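Colleague: Pasting upload11.cif here (mmCIF, C-alpha atoms):
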data_model
loop_
_atom_site.label_atom_id
_atom_site.label_comp_id
_atom_site.auth_asym_id
_atom_site.auth_seq_id
_atom_site.Cartn_x
_atom_site.Cartn_y
_atom_site.Cartn_z
CA MET A 8 -95.91 -72.29 54.78
CA THR A 9 -95.21 -74.67 57.66
CA PHE A 10 -98.80 -74.20 58.80
CA PHE A 11 -100.01 -75.40 55.41
CA TYR A 12 -98.10 -78.65 55.75
CA LEU A 13 -99.79 -79.20 59.12
CA VAL A 14 -103.14 -78.64 57.38
CA LEU A 15 -102.12 -81.13 54.68
CA VAL A 16 -101.30 -83.78 57.30
CA PHE A 17 -104.50 -83.01 59.24
CA VAL A 18 -106.70 -83.38 56.14
CA SER A 19 -105.02 -86.66 55.19
CA LEU A 20 -105.35 -88.09 58.70
CA THR A 21 -108.99 -86.99 58.86
CA TYR A 22 -109.79 -88.87 55.64
CA LEU A 23 -107.87 -91.90 56.85
CA SER A 24 -109.65 -91.95 60.21
CA ILE A 25 -113.05 -91.66 58.50
CA GLY A 26 -112.12 -94.64 56.35
CA PHE A 27 -111.11 -96.75 59.33
CA PHE A 28 -113.61 -95.74 62.00
CA ILE A 29 -116.97 -95.59 60.22
CA ASN A 30 -118.65 -98.97 60.56
CA LYS A 31 -122.10 -100.52 60.54
CA SER A 32 -122.72 -99.86 64.22
CA ASN A 33 -121.95 -96.12 64.14
CA ALA A 34 -123.21 -95.42 60.61
CA LYS A 35 -126.69 -94.79 62.00
CA ILE A 36 -125.27 -91.77 63.83
CA LEU A 37 -122.46 -90.56 61.58
CA LEU A 38 -123.55 -91.03 57.95
CA ALA A 39 -125.61 -88.18 56.58
CA GLY A 40 -128.66 -89.45 54.75
CA TYR A 41 -128.50 -92.86 56.37
CA ASN A 42 -129.13 -91.37 59.79
CA THR A 43 -132.30 -89.65 58.57
CA MET A 44 -133.80 -92.69 56.81
CA SER A 45 -136.83 -94.34 58.26
CA ARG A 46 -136.21 -97.61 60.06
CA GLU A 47 -137.90 -99.59 57.27
CA ARG A 48 -135.80 -97.98 54.56
CA ARG A 49 -132.63 -98.44 56.62
CA GLU A 50 -133.41 -102.16 56.87
CA ARG A 51 -133.70 -102.37 53.06
CA PHE A 52 -130.49 -100.37 52.50
CA ASP A 53 -127.39 -102.50 51.89
CA ILE A 54 -125.17 -100.66 54.37
CA GLU A 55 -122.42 -103.27 54.26
CA ARG A 56 -121.99 -102.90 50.51
CA TYR A 57 -122.13 -99.12 50.77
CA LEU A 58 -119.55 -99.07 53.58
CA ARG A 59 -117.15 -101.20 51.55
CA HIS A 60 -117.15 -98.51 48.85
CA PHE A 61 -117.21 -95.65 51.36
CA LYS A 62 -114.29 -96.95 53.44
CA THR A 63 -112.18 -97.77 50.38
CA PHE A 64 -112.83 -94.32 48.97
CA PHE A 65 -111.75 -92.50 52.14
CA ILE A 66 -108.68 -94.65 52.73
CA ARG A 67 -107.53 -93.99 49.16
CA LEU A 68 -108.52 -90.35 49.48
CA SER A 69 -106.09 -89.91 52.37
CA ILE A 70 -103.16 -89.76 49.93
CA TYR A 71 -104.92 -87.40 47.50
CA PRO A 72 -104.14 -84.13 49.36
CA LEU A 73 -100.41 -84.82 49.26
CA ILE A 74 -100.31 -86.01 45.65
CA SER A 75 -102.48 -83.15 44.43
CA TRP A 76 -100.38 -80.64 46.39
CA LEU A 77 -97.13 -81.93 44.93
CA ALA A 78 -98.61 -81.74 41.43
CA CYS A 79 -99.88 -78.20 41.98
CA VAL A 80 -96.71 -76.83 43.55
CA TYR A 81 -94.58 -78.41 40.82
CA VAL A 82 -96.54 -76.69 38.06
CA LEU A 83 -97.68 -73.43 39.70
CA ARG A 84 -96.38 -70.72 42.01
CA PHE A 85 -97.21 -71.26 45.70
CA GLU A 86 -100.14 -68.81 45.84
CA ASN A 87 -101.75 -70.20 42.70
CA ALA A 88 -101.00 -73.78 43.75
CA LEU A 89 -102.78 -73.14 47.03
CA ILE A 90 -105.94 -71.93 45.29
CA VAL A 91 -105.97 -74.73 42.73
CA TRP A 92 -105.29 -77.31 45.45
CA ALA A 93 -108.10 -76.01 47.68
CA ILE A 94 -110.62 -76.08 44.83
CA GLY A 95 -109.34 -79.45 43.63
CA GLN A 96 -110.08 -81.06 46.99
CA ASN A 97 -113.75 -81.14 46.00
CA LEU A 98 -113.18 -83.18 42.85
CA PRO A 99 -113.03 -86.64 44.49
CA PHE A 100 -116.29 -85.98 46.32
CA VAL A 101 -118.06 -85.01 43.11
CA ILE A 102 -116.79 -88.21 41.49
CA PHE A 103 -117.89 -90.25 44.52
CA LEU A 104 -121.38 -88.73 44.49
CA CYS A 105 -121.84 -89.23 40.76
CA LYS A 106 -120.62 -92.81 40.90
CA HIS A 107 -122.72 -93.81 43.90
CA LYS A 108 -125.84 -92.00 42.80
CA GLN A 109 -126.03 -94.50 39.94
CA THR A 110 -125.47 -97.50 42.22
CA LYS A 111 -128.59 -98.87 43.87
CA TYR A 112 -128.07 -99.89 47.47
CA LEU A 113 -131.69 -100.68 48.30
CA LYS A 114 -132.44 -104.39 48.56
#
Would you put the structure from the file into structure tokens?

Modeller:
Amino acid sequence: MTFFYLVLVFVSLTYLSIGFFINKSNAKILLAGYNTMSRERRERFDIERYLRHFKTFFIRLSIYPLISWLACVYVLRFENALIVWAIGQNLPFVIFLCKHKQTKYLK
């Protein structure tokens, strides 16, 4: 059980570090999709606008593992809470993808 809390802290710190350390200069290397765009398309892509949303999402996401874990463990037994929590960690990413698929970032 102690190991799980280390995982919880690790996941939260990973999300937080992604939110703080991804920027315009390293996005060409680190962002999937953006790093495979042609140079012309990358020039038309509004990376600054996208990064504002991306960084805000990941900084806010850093508290999600803890909040979702507390909600799960309050309602369910530990084993079931663990399964529901692990599956539930995908939900914010689905929401992010659906929301940003509709947003046009090309200039």

Colleague: With distances taken over all atoms listed in the file, which residue among A:Leu104, A:Pro99, A:Ala88, A:Ile29 lies nearest Phe11 (chain A)?

Modeller: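 Looking at the shortest contact to Phe11 (chain A), the residue is A:Ala88.
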
Colleague: I'd like to know which of A:Leu68, A:Cys105, A:Leu77, A:Leu98 is closest to Tyr12 (chain A), using all atoms listed in the file.

Modeller: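 Of all the options, A:Leu77 lies closest to Tyr12 (chain A).
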
Colleague: Hey, which of A:Leu58, A:Leu20, A:Val80, A:Leu13 ends up closest to Lys35 (chain A)? Count only C-alpha atoms.

Modeller: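 The shortest atom-to-atom distance to Lys35 (chain A) comes from A:Leu58.
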
Colleague: Just checking: using all atoms listed in the file, which residue out of A:Met44, A:Leu23, A:Ile90, A:Leu113 ends up closest to Tyr71 (chain A)?

Modeller: A:Leu23

Colleague: For CA of Asp53 (chain A) and CA of Tyr112 (chain A), quote the distance in Å rounded to one decimal.

Modeller: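 One can read the CA of Asp53 (chain A) to CA of Tyr112 (chain A) distance as 5.2 Å.
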
Colleague: Between A:Val91, A:Val101, A:Ile70, A:Cys79, which one has atoms that come closest to Phe17 (chain A), using all atoms listed in the file?

Modeller: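 Distance minimum relative to Phe17 (chain A) lands on A:Ile70.
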
Colleague: Just checking: using only C-alpha atoms, which residue out of A:Ser69, A:Thr43, A:Ser75, A:Asn33 ends up closest to Ile94 (chain A)?

Modeller: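 Going through A:Ser69, A:Thr43, A:Ser75, A:Asn33 one by one, the smallest distance to Ile94 (chain A) is for A:Ser75.
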
Colleague: Could you list, as a list in words, every residue within 12 Å of Lys111 (chain A), counting all atoms listed in the file and ignoring same-chain residues fewer than 5 positions away?

Modeller: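 These residues fall inside the cut-off: Arg51, Phe52, Asp53, Ile54, Arg56, Tyr57 and Lys106 of chain A.
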
Colleague: Separation of CA of Leu83 (chain A) and CA of Phe100 (chain A), in Å?

Modeller: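 Straight-line distance from CA of Leu83 (chain A) to CA of Phe100 (chain A) works out to 23.4 Å.
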